[in-house]
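*Asks:* Here you go, this is upload.pdb (PDB, C-alpha atoms and all ligand atoms).
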ATOM      1  CA  MET A  21      60.178 102.482 133.194
ATOM      2  CA  THR A  22      59.260 105.775 134.833
ATOM      3  CA  GLU A  23      57.897 108.486 132.621
ATOM      4  CA  LYS A  24      57.575 112.062 133.804
ATOM      5  CA  LEU A  25      54.075 113.557 133.688
ATOM      6  CA  LEU A  26      54.757 116.813 135.451
ATOM      7  CA  GLU A  27      57.850 118.744 136.471
ATOM      8  CA  ILE A  28      57.822 121.708 138.823
ATOM      9  CA  GLN A  29      60.944 123.823 139.052
ATOM     10  CA  ASN A  30      61.736 126.680 141.402
ATOM     11  CA  LEU A  31      58.103 127.522 142.009
ATOM     12  CA  THR A  32      57.280 130.462 144.259
ATOM     13  CA  LYS A  33      54.110 132.327 145.106
ATOM     14  CA  THR A  34      53.840 135.275 147.473
ATOM     15  CA  TYR A  35      50.739 136.980 148.797
ATOM     16  CA  TYR A  36      50.881 140.532 150.113
ATOM     17  CA  GLU A  37      48.624 141.890 152.803
ATOM     18  CA  GLY A  38      49.462 145.544 153.241
ATOM     19  CA  THR A  39      53.181 145.529 153.809
ATOM     20  CA  ALA A  40      53.212 141.952 155.119
ATOM     21  CA  GLU A  41      54.614 139.409 152.728
ATOM     22  CA  CYS A  42      53.604 135.766 152.876
ATOM     23  CA  ARG A  43      55.514 133.340 150.689
ATOM     24  CA  VAL A  44      53.012 130.507 150.483
ATOM     25  CA  VAL A  45      54.938 128.446 147.939
ATOM     26  CA  ASP A  46      58.663 128.681 148.392
ATOM     27  CA  ASN A  47      61.108 127.355 145.833
ATOM     28  CA  VAL A  48      59.328 124.073 145.192
ATOM     29  CA  ASP A  49      60.854 121.437 142.903
ATOM     30  CA  LEU A  50      58.780 118.325 142.319
ATOM     31  CA  ILE A  51      58.481 115.649 139.666
ATOM     32  CA  VAL A  52      55.367 113.493 139.336
ATOM     33  CA  ASN A  53      55.678 110.408 137.168
ATOM     34  CA  ARG A  54      52.856 108.793 135.220
ATOM     35  CA  GLY A  55      50.920 106.310 137.287
ATOM     36  CA  GLU A  56      52.155 107.690 140.618
ATOM     37  CA  PHE A  57      49.984 108.306 143.670
ATOM     38  CA  VAL A  58      51.621 111.227 145.506
ATOM     39  CA  MET A  59      50.389 112.420 148.885
ATOM     40  CA  ILE A  60      51.020 115.957 150.114
ATOM     41  CA  MET A  61      50.969 116.596 153.854
ATOM     42  CA  GLY A  62      51.784 119.599 156.008
ATOM     43  CA  ALA A  63      50.340 121.752 158.772
ATOM     44  CA  SER A  64      47.333 123.974 158.153
ATOM     45  CA  GLY A  65      48.464 127.077 156.274
ATOM     46  CA  SER A  66      51.680 125.471 155.014
ATOM     47  CA  GLY A  67      50.689 126.094 151.383
ATOM     48  CA  LYS A  68      49.287 122.753 150.173
ATOM     49  CA  THR A  69      46.155 124.147 148.531
ATOM     50  CA  SER A  70      48.160 127.030 147.063
ATOM     51  CA  LEU A  71      50.548 124.527 145.476
ATOM     52  CA  LEU A  72      47.669 122.449 144.096
ATOM     53  CA  HIS A  73      46.091 125.566 142.579
ATOM     54  CA  LEU A  74      49.358 126.414 140.845
ATOM     55  CA  ILE A  75      49.643 122.850 139.518
ATOM     56  CA  ALA A  76      46.101 123.140 138.165
ATOM     57  CA  GLY A  77      46.786 126.537 136.623
ATOM     58  CA  ILE A  78      43.960 128.053 138.701
ATOM     59  CA  ASP A  79      46.478 130.466 140.155
ATOM     60  CA  GLU A  80      49.682 131.915 138.725
ATOM     61  CA  SER A  81      53.146 131.592 140.249
ATOM     62  CA  ASP A  82      55.577 134.493 140.649
ATOM     63  CA  THR A  83      58.585 132.530 139.473
ATOM     64  CA  GLY A  84      59.336 129.012 138.345
ATOM     65  CA  THR A  85      57.831 126.663 135.810
ATOM     66  CA  ILE A  86      55.346 123.821 135.712
ATOM     67  CA  THR A  87      55.889 121.670 132.668
ATOM     68  CA  TYR A  88      53.464 118.949 131.660
ATOM     69  CA  ALA A  89      54.645 116.145 129.408
ATOM     70  CA  LEU A  90      51.337 116.369 127.590
ATOM     71  CA  PRO A  91      50.433 117.529 124.129
ATOM     72  CA  ALA A  92      48.292 120.521 123.356
ATOM     73  CA  PRO A  93      44.574 119.856 123.005
ATOM     74  CA  PRO A  94      43.446 118.913 119.493
ATOM     75  CA  PRO A  95      43.147 121.965 117.252
ATOM     76  CA  SER A  96      39.402 121.304 116.836
ATOM     77  CA  SER A  97      38.870 122.213 120.480
ATOM     78  CA  LEU A  98      40.389 125.653 120.016
ATOM     79  CA  THR A  99      38.487 128.363 118.290
ATOM     80  CA  LYS A 100      41.397 130.779 118.154
ATOM     81  CA  ALA A 101      45.084 130.090 117.764
ATOM     82  CA  PRO A 102      46.348 129.718 121.317
ATOM     83  CA  VAL A 103      49.562 130.949 122.791
ATOM     84  CA  TRP A 104      50.840 127.460 123.292
ATOM     85  CA  ARG A 105      54.333 126.114 123.726
ATOM     86  CA  HIS A 106      54.219 122.777 122.026
ATOM     87  CA  THR A 107      57.637 121.309 121.523
ATOM     88  CA  GLY A 108      58.629 118.167 119.708
ATOM     89  CA  ASN A 109      58.457 116.075 122.823
ATOM     90  CA  HIS A 110      54.988 117.329 123.739
ATOM     91  CA  THR A 111      55.556 119.541 126.717
ATOM     92  CA  SER A 112      53.183 122.293 127.721
ATOM     93  CA  ASP A 113      53.947 125.089 130.101
ATOM     94  CA  PHE A 114      51.327 127.322 131.771
ATOM     95  CA  SER A 115      53.507 130.407 131.574
ATOM     96  CA  HIS A 116      53.115 130.281 127.807
ATOM     97  CA  MET A 117      49.338 129.934 127.783
ATOM     98  CA  ASN A 118      46.631 132.545 127.790
ATOM     99  CA  GLU A 119      43.622 132.102 130.098
ATOM    100  CA  LYS A 120      41.452 130.451 127.493
ATOM    101  CA  THR A 121      44.098 127.926 126.504
ATOM    102  CA  LYS A 122      44.796 127.224 130.141
ATOM    103  CA  ALA A 123      41.114 126.500 130.727
ATOM    104  CA  ILE A 124      41.042 124.101 127.779
ATOM    105  CA  PHE A 125      44.262 122.449 128.922
ATOM    106  CA  ARG A 126      42.807 121.985 132.401
ATOM    107  CA  ARG A 127      39.495 120.675 131.122
ATOM    108  CA  THR A 128      41.320 118.164 128.929
ATOM    109  CA  ASN A 129      44.073 117.046 131.243
ATOM    110  CA  ILE A 130      43.285 117.666 134.891
ATOM    111  CA  GLY A 131      40.503 116.369 137.118
ATOM    112  CA  ILE A 132      40.022 118.242 140.386
ATOM    113  CA  VAL A 133      38.281 117.074 143.572
ATOM    114  CA  PHE A 134      37.830 119.371 146.557
ATOM    115  CA  GLN A 135      37.140 118.697 150.239
ATOM    116  CA  GLN A 136      33.542 119.823 149.987
ATOM    117  CA  GLN A 137      32.536 118.114 146.806
ATOM    118  CA  CYS A 138      30.739 120.455 144.500
ATOM    119  CA  LEU A 139      28.084 118.339 142.828
ATOM    120  CA  ILE A 140      25.356 120.413 141.263
ATOM    121  CA  PRO A 141      22.380 119.973 143.617
ATOM    122  CA  ASP A 142      19.706 120.151 140.912
ATOM    123  CA  LEU A 143      21.298 117.405 138.821
ATOM    124  CA  THR A 144      21.208 113.666 139.508
ATOM    125  CA  VAL A 145      24.388 111.606 139.934
ATOM    126  CA  TYR A 146      24.009 110.556 136.302
ATOM    127  CA  GLU A 147      23.623 114.131 135.082
ATOM    128  CA  ASN A 148      26.490 115.389 137.235
ATOM    129  CA  ILE A 149      28.852 112.824 135.706
ATOM    130  CA  LEU A 150      27.489 113.495 132.219
ATOM    131  CA  LEU A 151      28.182 117.219 132.467
ATOM    132  CA  PRO A 152      31.974 117.166 131.891
ATOM    133  CA  MET A 153      31.431 114.733 129.013
ATOM    134  CA  MET A 154      29.121 117.247 127.379
ATOM    135  CA  LEU A 155      31.579 120.084 127.979
ATOM    136  CA  ALA A 156      34.589 118.228 126.592
ATOM    137  CA  ARG A 157      34.554 118.525 122.863
ATOM    138  CA  HIS A 158      35.142 114.962 121.868
ATOM    139  CA  PRO A 159      36.501 114.342 118.384
ATOM    140  CA  GLU A 160      33.533 112.019 117.799
ATOM    141  CA  GLY A 161      31.271 115.049 118.344
ATOM    142  CA  ARG A 162      28.833 114.267 115.545
ATOM    143  CA  ASP A 163      28.568 110.538 116.258
ATOM    144  CA  ARG A 164      24.888 109.606 116.552
ATOM    145  CA  ASN A 165      25.693 106.831 119.004
ATOM    146  CA  LEU A 166      27.447 109.234 121.344
ATOM    147  CA  PRO A 167      24.555 109.647 123.825
ATOM    148  CA  SER A 168      24.164 105.888 124.259
ATOM    149  CA  ARG A 169      27.925 105.390 124.561
ATOM    150  CA  ARG A 170      28.124 108.076 127.204
ATOM    151  CA  LYS A 171      25.259 106.426 129.059
ATOM    152  CA  GLU A 172      27.072 103.107 128.952
ATOM    153  CA  ILE A 173      30.301 104.650 130.277
ATOM    154  CA  ILE A 174      28.471 106.309 133.182
ATOM    155  CA  PHE A 175      26.516 103.157 134.064
ATOM    156  CA  ASN A 176      29.682 101.058 133.951
ATOM    157  CA  LEU A 177      31.580 103.492 136.166
ATOM    158  CA  CYS A 178      28.752 103.694 138.700
ATOM    159  CA  SER A 179      28.339  99.905 138.758
ATOM    160  CA  GLN A 180      32.052  99.361 139.189
ATOM    161  CA  PHE A 181      32.316 101.830 142.045
ATOM    162  CA  GLY A 182      29.192 101.072 144.062
ATOM    163  CA  LEU A 183      26.930 103.884 142.924
ATOM    164  CA  LYS A 184      24.648 101.892 140.627
ATOM    165  CA  GLU A 185      21.560 102.131 142.803
ATOM    166  CA  HIS A 186      22.150 105.853 143.372
ATOM    167  CA  ILE A 187      22.562 106.873 139.753
ATOM    168  CA  GLY A 188      19.179 108.622 139.523
ATOM    169  CA  LYS A 189      19.383 110.297 142.927
ATOM    170  CA  TYR A 190      20.115 113.922 143.718
ATOM    171  CA  PRO A 191      23.175 114.793 145.858
ATOM    172  CA  SER A 192      20.986 115.629 148.883
ATOM    173  CA  GLN A 193      19.724 112.024 148.857
ATOM    174  CA  LEU A 194      23.268 110.610 149.221
ATOM    175  CA  SER A 195      25.704 110.214 152.111
ATOM    176  CA  GLY A 196      28.831 112.382 152.171
ATOM    177  CA  GLY A 197      30.952 109.448 151.017
ATOM    178  CA  GLN A 198      28.609 108.618 148.148
ATOM    179  CA  GLN A 199      28.596 112.251 147.071
ATOM    180  CA  GLN A 200      32.381 112.352 147.180
ATOM    181  CA  ARG A 201      32.652 109.170 145.110
ATOM    182  CA  ALA A 202      30.251 110.645 142.553
ATOM    183  CA  ALA A 203      32.385 113.804 142.477
ATOM    184  CA  ILE A 204      35.508 111.698 141.870
ATOM    185  CA  LEU A 205      33.838 109.780 139.034
ATOM    186  CA  ARG A 206      32.770 113.081 137.531
ATOM    187  CA  SER A 207      36.390 114.255 137.666
ATOM    188  CA  VAL A 208      37.781 111.159 135.954
ATOM    189  CA  VAL A 209      35.040 110.386 133.432
ATOM    190  CA  ASN A 210      36.966 112.110 130.638
ATOM    191  CA  LYS A 211      40.103 110.178 131.650
ATOM    192  CA  PRO A 212      42.307 113.159 132.531
ATOM    193  CA  PRO A 213      45.995 112.198 132.771
ATOM    194  CA  LEU A 214      46.186 113.863 136.200
ATOM    195  CA  LEU A 215      43.754 113.874 139.127
ATOM    196  CA  LEU A 216      44.284 116.498 141.853
ATOM    197  CA  CYS A 217      42.456 116.010 145.164
ATOM    198  CA  ASP A 218      42.412 118.560 147.984
ATOM    199  CA  GLU A 219      41.438 116.779 151.208
ATOM    200  CA  PRO A 220      38.767 114.693 149.483
ATOM    201  CA  THR A 221      38.020 112.821 152.717
ATOM    202  CA  GLY A 222      38.295 115.840 155.036
ATOM    203  CA  SER A 223      34.589 115.876 155.856
ATOM    204  CA  LEU A 224      34.008 112.109 155.934
ATOM    205  CA  ASN A 225      33.893 109.540 158.710
ATOM    206  CA  SER A 226      36.391 106.695 158.683
ATOM    207  CA  ALA A 227      34.135 104.141 156.943
ATOM    208  CA  GLN A 228      33.331 106.605 154.144
ATOM    209  CA  THR A 229      37.000 107.600 153.942
ATOM    210  CA  GLU A 230      37.946 103.959 153.337
ATOM    211  CA  LEU A 231      35.437 103.623 150.491
ATOM    212  CA  VAL A 232      36.628 106.827 148.842
ATOM    213  CA  MET A 233      40.261 105.712 149.173
ATOM    214  CA  ASP A 234      39.393 102.260 147.783
ATOM    215  CA  LEU A 235      38.015 104.035 144.729
ATOM    216  CA  LEU A 236      41.123 106.212 144.336
ATOM    217  CA  ASN A 237      43.465 103.223 144.804
ATOM    218  CA  GLU A 238      41.515 101.303 142.172
ATOM    219  CA  LEU A 239      41.702 104.212 139.726
ATOM    220  CA  ASN A 240      45.435 104.457 140.406
ATOM    221  CA  ARG A 241      45.917 100.744 139.774
ATOM    222  CA  ASN A 242      44.177 101.317 136.438
ATOM    223  CA  GLY A 243      46.864 103.880 135.615
ATOM    224  CA  GLN A 244      45.407 107.145 136.944
ATOM    225  CA  THR A 245      48.096 109.537 138.217
ATOM    226  CA  ILE A 246      46.932 111.198 141.440
ATOM    227  CA  VAL A 247      48.253 114.019 143.628
ATOM    228  CA  LEU A 248      46.296 114.219 146.880
ATOM    229  CA  VAL A 249      46.492 116.624 149.808
ATOM    230  CA  THR A 250      45.566 115.174 153.184
ATOM    231  CA  HIS A 251      45.945 115.625 156.941
ATOM    232  CA  ASP A 252      44.987 112.023 157.567
ATOM    233  CA  ARG A 253      47.815 109.503 158.066
ATOM    234  CA  LYS A 254      45.484 106.596 157.251
ATOM    235  CA  VAL A 255      44.842 108.225 153.887
ATOM    236  CA  ALA A 256      48.479 109.148 153.258
ATOM    237  CA  VAL A 257      49.740 105.574 153.646
ATOM    238  CA  ARG A 258      47.606 104.605 150.650
ATOM    239  CA  GLY A 259      50.006 106.458 148.324
ATOM    240  CA  GLN A 260      53.449 105.589 147.029
ATOM    241  CA  ARG A 261      55.136 108.561 148.653
ATOM    242  CA  VAL A 262      54.390 111.398 151.001
ATOM    243  CA  VAL A 263      55.744 114.875 150.273
ATOM    244  CA  TYR A 264      55.890 117.005 153.411
ATOM    245  CA  ILE A 265      55.389 120.770 153.071
ATOM    246  CA  GLU A 266      56.487 123.249 155.696
ATOM    247  CA  ASP A 267      56.108 127.011 155.260
ATOM    248  CA  GLY A 268      55.648 126.604 151.535
ATOM    249  CA  HIS A 269      58.684 124.458 150.818
ATOM    250  CA  ILE A 270      59.256 120.731 150.588
ATOM    251  CA  ALA A 271      60.811 119.734 153.879
ATOM    252  CA  GLY A 272      60.988 115.980 153.333
ATOM    253  CA  GLU A 273      59.721 112.995 151.464
ATOM    254  CA  LEU A 274      58.868 109.468 152.525
ATOM    255  CA  ARG A 275      58.709 106.741 149.890
ATOM    256  CA  PHE A 276      56.978 103.454 150.401
ATOM    257  CA  PRO A 277      58.551 100.429 148.757
ATOM    258  CA  GLU A 278      55.371  99.201 147.042
ATOM    259  CA  ALA A 279      51.905 100.383 146.136
ATOM    260  CA  MET A 280      48.934  99.259 148.192
ATOM    261  CA  SER A 281      46.815  96.520 146.693
ATOM    262  CA  ASP A 282      43.509  94.852 147.524
ATOM    263  CA  ASP A 283      45.427  92.124 149.345
ATOM    264  CA  SER A 284      47.529  94.475 151.466
ATOM    265  CA  SER A 285      47.300  93.219 155.005
ATOM    266  CA  ARG A 286      46.243  95.182 158.057
ATOM    267  CA  GLU A 287      49.818  94.687 159.335
ATOM    268  CA  LEU A 288      51.233  96.471 156.271
ATOM    269  CA  TYR A 289      48.891  99.442 156.853
ATOM    270  CA  ASP A 290      49.862  99.591 160.517
ATOM    271  CA  GLU A 291      53.556  99.288 159.717
ATOM    272  CA  ARG A 292      53.319 102.139 157.206
ATOM    273  CA  GLU A 293      51.325 104.280 159.539
ATOM    274  CA  SER A 294      53.912 104.014 162.290
ATOM    275  CA  GLU A 295      56.693 104.716 159.746
ATOM    276  CA  LEU A 296      54.794 107.815 158.618
ATOM    277  CA  THR A 297      54.110 108.920 162.203
ATOM    278  CA  HIS A 298      57.828 108.671 162.935
ATOM    279  CA  PHE A 299      58.636 110.647 159.754
ATOM    280  CA  LEU A 300      56.125 113.387 160.670
ATOM    281  CA  GLN A 301      57.189 113.577 164.306
ATOM    282  CA  ASN A 302      60.775 114.132 163.181
ATOM    283  CA  ARG A 303      59.485 117.183 161.332
ATOM    284  CA  GLY A 304      57.612 118.611 164.277
ATOM    285  CA  TRP A 305      54.110 117.350 163.326
TER
HETATM  286  N1  LIG B 401      44.320 134.676 148.225
HETATM  287  C1  LIG B 401      45.096 134.761 149.295
HETATM  288  N2  LIG B 401      45.532 135.959 149.747
HETATM  289  C2  LIG B 401      46.343 136.053 150.815
HETATM  290  N3  LIG B 401      46.802 135.006 151.512
HETATM  291  C3  LIG B 401      46.396 133.782 151.125
HETATM  292  C4  LIG B 401      45.523 133.595 150.001
HETATM  293  N4  LIG B 401      45.313 132.263 149.846
HETATM  294  C5  LIG B 401      46.005 131.649 150.837
HETATM  295  N5  LIG B 401      46.636 132.569 151.591
HETATM  296  C6  LIG B 401      47.519 132.262 152.729
HETATM  297  O1  LIG B 401      48.496 131.364 152.267
HETATM  298  C7  LIG B 401      48.832 130.431 153.281
HETATM  299  C8  LIG B 401      48.714 129.028 152.735
HETATM  300  O2  LIG B 401      47.357 128.748 152.464
HETATM  301  P1  LIG B 401      46.891 127.343 151.894
HETATM  302  O3  LIG B 401      45.434 127.435 151.702
HETATM  303  O4  LIG B 401      47.708 127.004 150.720
HETATM  304  O5  LIG B 401      47.259 126.391 153.106
HETATM  305  P2  LIG B 401      46.965 124.841 153.316
HETATM  306  O6  LIG B 401      48.274 124.167 153.576
HETATM  307  O7  LIG B 401      46.140 124.328 152.211
HETATM  308  O8  LIG B 401      46.135 124.864 154.676
HETATM  309  P3  LIG B 401      44.933 123.900 155.160
HETATM  310  O9  LIG B 401      45.569 122.609 155.579
HETATM  311  O10 LIG B 401      44.328 124.634 156.307
HETATM  312  O11 LIG B 401      43.969 123.728 154.019
HETATM  313  C9  LIG B 401      47.907 130.720 154.451
HETATM  314  O12 LIG B 401      48.633 131.452 155.402
HETATM  315  C10 LIG B 401      46.812 131.538 153.848
HETATM  316  O13 LIG B 401      46.282 132.435 154.786
HETATM  317 MG    MG B 402      44.174 123.607 152.076
END
Take the structure in the file and give it back as C-alpha cells.
*Replies:*
Amino acid sequence: MTEKLLEIQNLTKTYYEGTAECRVVDNVDLIVNRGEFVMIMGASGSGKTSLLHLIAGIDESDTGTITYALPAPPPSSLTKAPVWRHTGNHTSDFSHMNEKTKAIFRRTNIGIVFQQQCLIPDLTVYENILLPMMLARHPEGRDRNLPSRRKEIIFNLCSQFGLKEHIGKYPSQLSGGQQQRAAILRSVVNKPPLLLCDEPTGSLNSAQTELVMDLLNELNRNGQTIVLVTHDRKVAVRGQRVVYIEDGHIAGELRFPEAMSDDSSRELYDERESELTHFLQNRGW
C-alpha cells in the first residue's frame, strides 16, 4: 500500500533581479510516497536545487504548500512552544512554522547531501558521523550506555558500507567517493524519513558514482525515501521514477516498472537508459 510522505501543491518561487523576474519554481505539484526513490532531472538553471531547498525548508516559497505526513518533533526537543500545525493525522506544514521549529523539523526528519560533500575537515569519518547524533536530542539523552551504542551504530554503518578501514581517517585522506559515502552515512545516521540529495555524484568518476549509488539503493531497499537531483542518466535509472523539470515546472515523468536490485542485469540498466534517453530527447534534452 502506498503511503504519502510529502505532498507539494501549487508551489512557486520567484527571484527578482532589478526589474527582471525569474520564476524558478513554477506551479509545482508533486507527491512523494514513503519508500520511493525519486529522481529529478532538468537542464542547468531549470530550478532543481531551488525546488530541493523549498522541500527542505531552507528557502521559502511565494505560494503553495509543502505538507509532510510526519508528526511534530517530541516536545522535549523544543524549548519554546512552536508555531506548529499538528493535525490529527500528523501533518506538518512549513508555512505554519517559525524558523526555529523549521530547523528542528529539518534536523529530525530530513537528511541532506550536496554535490560537494561538506564533511568537517578537522574531524575524522567517525567524528563527522557522530556529530548529528550529538546534535539530535535523543529521548534516551541521559542513558549512560549512549556513547557505546552510538559507537556501535557508527561502526556497523561503516562496516556495512565499505568505510570500516577509513573510520579514523580525516576527509583529506579519502577519495571523493569515500568522502561522499561518509557524508551520506552522516545524513542518514539519525534515520531521517526523507533523504534529499543534490547531485551527490556530480564530482565523482564513474566507478565512485557506482559505489555511491549502490549505497543509496541499499538504503532505499531498507526503506529510506530518497529524492535525488542528477544530470547523469546512469544515476537516474537507479530510481523508480524520473521527474523532469523545465523552466521551473514539471514537464514530464517517467516511471520504471520495478525498483533496481542487486541482481538487476546489465541488460535491464541498458534498457532503462535507452528508455530514459528517448524520454529526455522528446523533451529537448
Ligand atoms: N538566490 C538567488 N537569487 C536570484 N536568482 C537565483 C537565486 N538562486 C537561484 N537563482 C536562479 O534560479 C534559477 C534556477 O537555479 P537552480 O540553482 O535551482 O537551478 P538548477 O536546476 O539546480 O541548475 P544546475 O543544474 O546548474 O544546478 C537560475 O536561473 C538561477 O540563476
Ligand atoms: Mg542545482
*Asks:* Please enumerate the residues selected by the PyMOL selection byres (((not hetatm)) within 8 of (chain B and resi 402)) when evaluated against the supplied file, formatted as an NGL selection string.
*Replies:* :A and (64-65 or 67-70 or 218-219 or 249)
*Asks:* Could you turn the residues from that selection into a file that holds C-alpha atoms, as a PDB file, in the frame of the given file?
*Replies:*
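Saved the output as selection.pdb:
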ATOM      1  CA  SER A  64      47.333 123.974 158.153  1.00  0.00           C
ATOM      2  CA  GLY A  65      48.464 127.077 156.274  1.00  0.00           C
ATOM      3  CA  GLY A  67      50.689 126.094 151.383  1.00  0.00           C
ATOM      4  CA  LYS A  68      49.287 122.753 150.173  1.00  0.00           C
ATOM      5  CA  THR A  69      46.155 124.147 148.531  1.00  0.00           C
ATOM      6  CA  SER A  70      48.160 127.030 147.063  1.00  0.00           C
ATOM      7  CA  ASP A 218      42.412 118.560 147.984  1.00  0.00           C
ATOM      8  CA  GLU A 219      41.438 116.779 151.208  1.00  0.00           C
ATOM      9  CA  VAL A 249      46.492 116.624 149.808  1.00  0.00           C
TER      10      VAL A 249
END
*Asks:* For the structure shown, which residues end up in the PyMOL selection byres (((not hetatm)) within 9 of (chain B and resi 401))? Put them as a PyMOL selection string, please?
*Replies:* chain A and resi 34-37+42-45+61-73+218-219+249-251+265-268
*Asks:* For Phe57 of chain A, list every protein, DNA or RNA residue within 6 Å, evaluated using all atoms listed in the file, and leave out those in the same chain fewer than 4 positions away; present the list as a list in words.
*Replies:*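 Counting all atoms listed in the file, the residues come to Thr245, Ile246, Val247, Gly259 and Gln260 of chain A.
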*Asks:* Since we have the selection now, will you write its residues out, keeping C-alpha atoms, as a PDB file, in the coordinates of the input?
*Replies:*
ATOM      1  CA  THR A 245      48.096 109.537 138.217  1.00  0.00           C
ATOM      2  CA  ILE A 246      46.932 111.198 141.440  1.00  0.00           C
ATOM      3  CA  VAL A 247      48.253 114.019 143.628  1.00  0.00           C
ATOM      4  CA  GLY A 259      50.006 106.458 148.324  1.00  0.00           C
ATOM      5  CA  GLN A 260      53.449 105.589 147.029  1.00  0.00           C
TER       6      GLN A 260
END
*Asks:* Give me the residues near Gly77 of chain A as number ranges by chain, where near means some atom within 10 Å (using all atoms listed in the file) and where sequence neighbours in that chain fewer than 3 positions away do not count.
*Replies:* A: 71-74, 80-81, 86, 113-115, 117, 119, 122-123, 125-126, 130
*Asks:* Please compute the atom CA of Cys178 of chain A-atom CA of Val208 of chain A distance, one decimal, in Å.
*Replies:*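 Computing it gives 12.0 Å between the two atoms.
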*Asks:* Work out how far apart atom CA of Cys138 of chain A and atom CA of Pro191 of chain A are and give it in Å to one decimal.
*Replies:*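 The value is 9.5 Å.
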*Asks:* Between atom CA of Gly182 of chain A and atom CA of Leu239 of chain A, measure the distance and give it in Å to one decimal.
*Replies:*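 Between these atoms lies a distance of 13.6 Å.
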*Asks:* Which residues match the PyMOL selection byres (((chain A and resi 296) around 9) and not hetatm) in the file above, as a list in words?
*Replies:*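 Expected selection for the PyMOL selection byres (((chain A and resi 296) around 9) and not hetatm) here is Arg253, Ala256, Val257, Val262, Leu274, Glu291, Arg292, Glu293, Ser294, Glu295, Thr297, His298, Phe299, Leu300 and Gln301 of chain A.
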*Asks:* Those selected residues, please, written with C-alpha atoms and delivered as a compact mmCIF listing (two decimals), keeping the file's coordinate frame.
*Replies:*
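Contents of the output file again.txt:
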# COMPACT_ATOMS: atom_id res chain seq x y z
CA ARG A 253 47.82 109.50 158.07
CA ALA A 256 48.48 109.15 153.26
CA VAL A 257 49.74 105.57 153.65
CA VAL A 262 54.39 111.40 151.00
CA LEU A 274 58.87 109.47 152.52
CA GLU A 291 53.56 99.29 159.72
CA ARG A 292 53.32 102.14 157.21
CA GLU A 293 51.32 104.28 159.54
CA SER A 294 53.91 104.01 162.29
CA GLU A 295 56.69 104.72 159.75
CA THR A 297 54.11 108.92 162.20
CA HIS A 298 57.83 108.67 162.94
CA PHE A 299 58.64 110.65 159.75
CA LEU A 300 56.12 113.39 160.67
CA GLN A 301 57.19 113.58 164.31
*Asks:* From the list A:Gly272, A:Asp49, A:Ile140, A:Asn240, which residue is nearest Leu214 of chain A when using only C-alpha atoms?
*Replies:*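 Looking only at the distances to Leu214 of chain A, the closest residue turns out to be A:Asn240.
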*Asks:* Using all atoms listed in the file, pick whichever of A:Ile204, A:Asn176, A:Asp234, A:Asp252 has the shortest atom-to-atom distance to Asp283 of chain A.
*Replies:* A:Asp234
*Asks:* N, CA and C atoms are needed for segment 141-155 of chain A; please write them out as a PDB file, in the frame of the given file.
*Replies:*
ATOM      1  N   PRO A 141      23.485 120.558 142.843  1.00  0.00           N
ATOM      2  CA  PRO A 141      22.380 119.973 143.617  1.00  0.00           C
ATOM      3  C   PRO A 141      21.145 119.641 142.793  1.00  0.00           C
ATOM      4  N   ASP A 142      20.923 120.379 141.705  1.00  0.00           N
ATOM      5  CA  ASP A 142      19.706 120.151 140.912  1.00  0.00           C
ATOM      6  C   ASP A 142      19.878 119.080 139.843  1.00  0.00           C
ATOM      7  N   LEU A 143      21.064 118.464 139.799  1.00  0.00           N
ATOM      8  CA  LEU A 143      21.298 117.405 138.821  1.00  0.00           C
ATOM      9  C   LEU A 143      21.471 116.083 139.545  1.00  0.00           C
ATOM     10  N   THR A 144      21.025 114.992 138.917  1.00  0.00           N
ATOM     11  CA  THR A 144      21.208 113.666 139.508  1.00  0.00           C
ATOM     12  C   THR A 144      22.679 113.264 139.392  1.00  0.00           C
ATOM     13  N   VAL A 145      23.023 112.135 140.046  1.00  0.00           N
ATOM     14  CA  VAL A 145      24.388 111.606 139.934  1.00  0.00           C
ATOM     15  C   VAL A 145      24.728 111.409 138.455  1.00  0.00           C
ATOM     16  N   TYR A 146      23.796 110.800 137.732  1.00  0.00           N
ATOM     17  CA  TYR A 146      24.009 110.556 136.302  1.00  0.00           C
ATOM     18  C   TYR A 146      24.302 111.860 135.560  1.00  0.00           C
ATOM     19  N   GLU A 147      23.470 112.861 135.811  1.00  0.00           N
ATOM     20  CA  GLU A 147      23.623 114.131 135.082  1.00  0.00           C
ATOM     21  C   GLU A 147      24.895 114.861 135.489  1.00  0.00           C
ATOM     22  N   ASN A 148      25.248 114.758 136.783  1.00  0.00           N
ATOM     23  CA  ASN A 148      26.490 115.389 137.235  1.00  0.00           C
ATOM     24  C   ASN A 148      27.702 114.803 136.521  1.00  0.00           C
ATOM     25  N   ILE A 149      27.699 113.464 136.352  1.00  0.00           N
ATOM     26  CA  ILE A 149      28.852 112.824 135.706  1.00  0.00           C
ATOM     27  C   ILE A 149      28.839 113.089 134.192  1.00  0.00           C
ATOM     28  N   LEU A 150      27.613 113.232 133.660  1.00  0.00           N
ATOM     29  CA  LEU A 150      27.489 113.495 132.219  1.00  0.00           C
ATOM     30  C   LEU A 150      28.021 114.879 131.848  1.00  0.00           C
ATOM     31  N   LEU A 151      27.871 115.817 132.772  1.00  0.00           N
ATOM     32  CA  LEU A 151      28.182 117.219 132.467  1.00  0.00           C
ATOM     33  C   LEU A 151      29.580 117.434 131.852  1.00  0.00           C
ATOM     34  N   PRO A 152      30.653 116.938 132.511  1.00  0.00           N
ATOM     35  CA  PRO A 152      31.974 117.166 131.891  1.00  0.00           C
ATOM     36  C   PRO A 152      32.127 116.478 130.536  1.00  0.00           C
ATOM     37  N   MET A 153      31.365 115.395 130.316  1.00  0.00           N
ATOM     38  CA  MET A 153      31.431 114.733 129.013  1.00  0.00           C
ATOM     39  C   MET A 153      30.819 115.630 127.941  1.00  0.00           C
ATOM     40  N   MET A 154      29.756 116.345 128.339  1.00  0.00           N
ATOM     41  CA  MET A 154      29.121 117.247 127.379  1.00  0.00           C
ATOM     42  C   MET A 154      30.031 118.448 127.093  1.00  0.00           C
ATOM     43  N   LEU A 155      30.742 118.894 128.147  1.00  0.00           N
ATOM     44  CA  LEU A 155      31.579 120.084 127.979  1.00  0.00           C
ATOM     45  C   LEU A 155      32.828 119.795 127.165  1.00  0.00           C
TER      46      LEU A 155
END
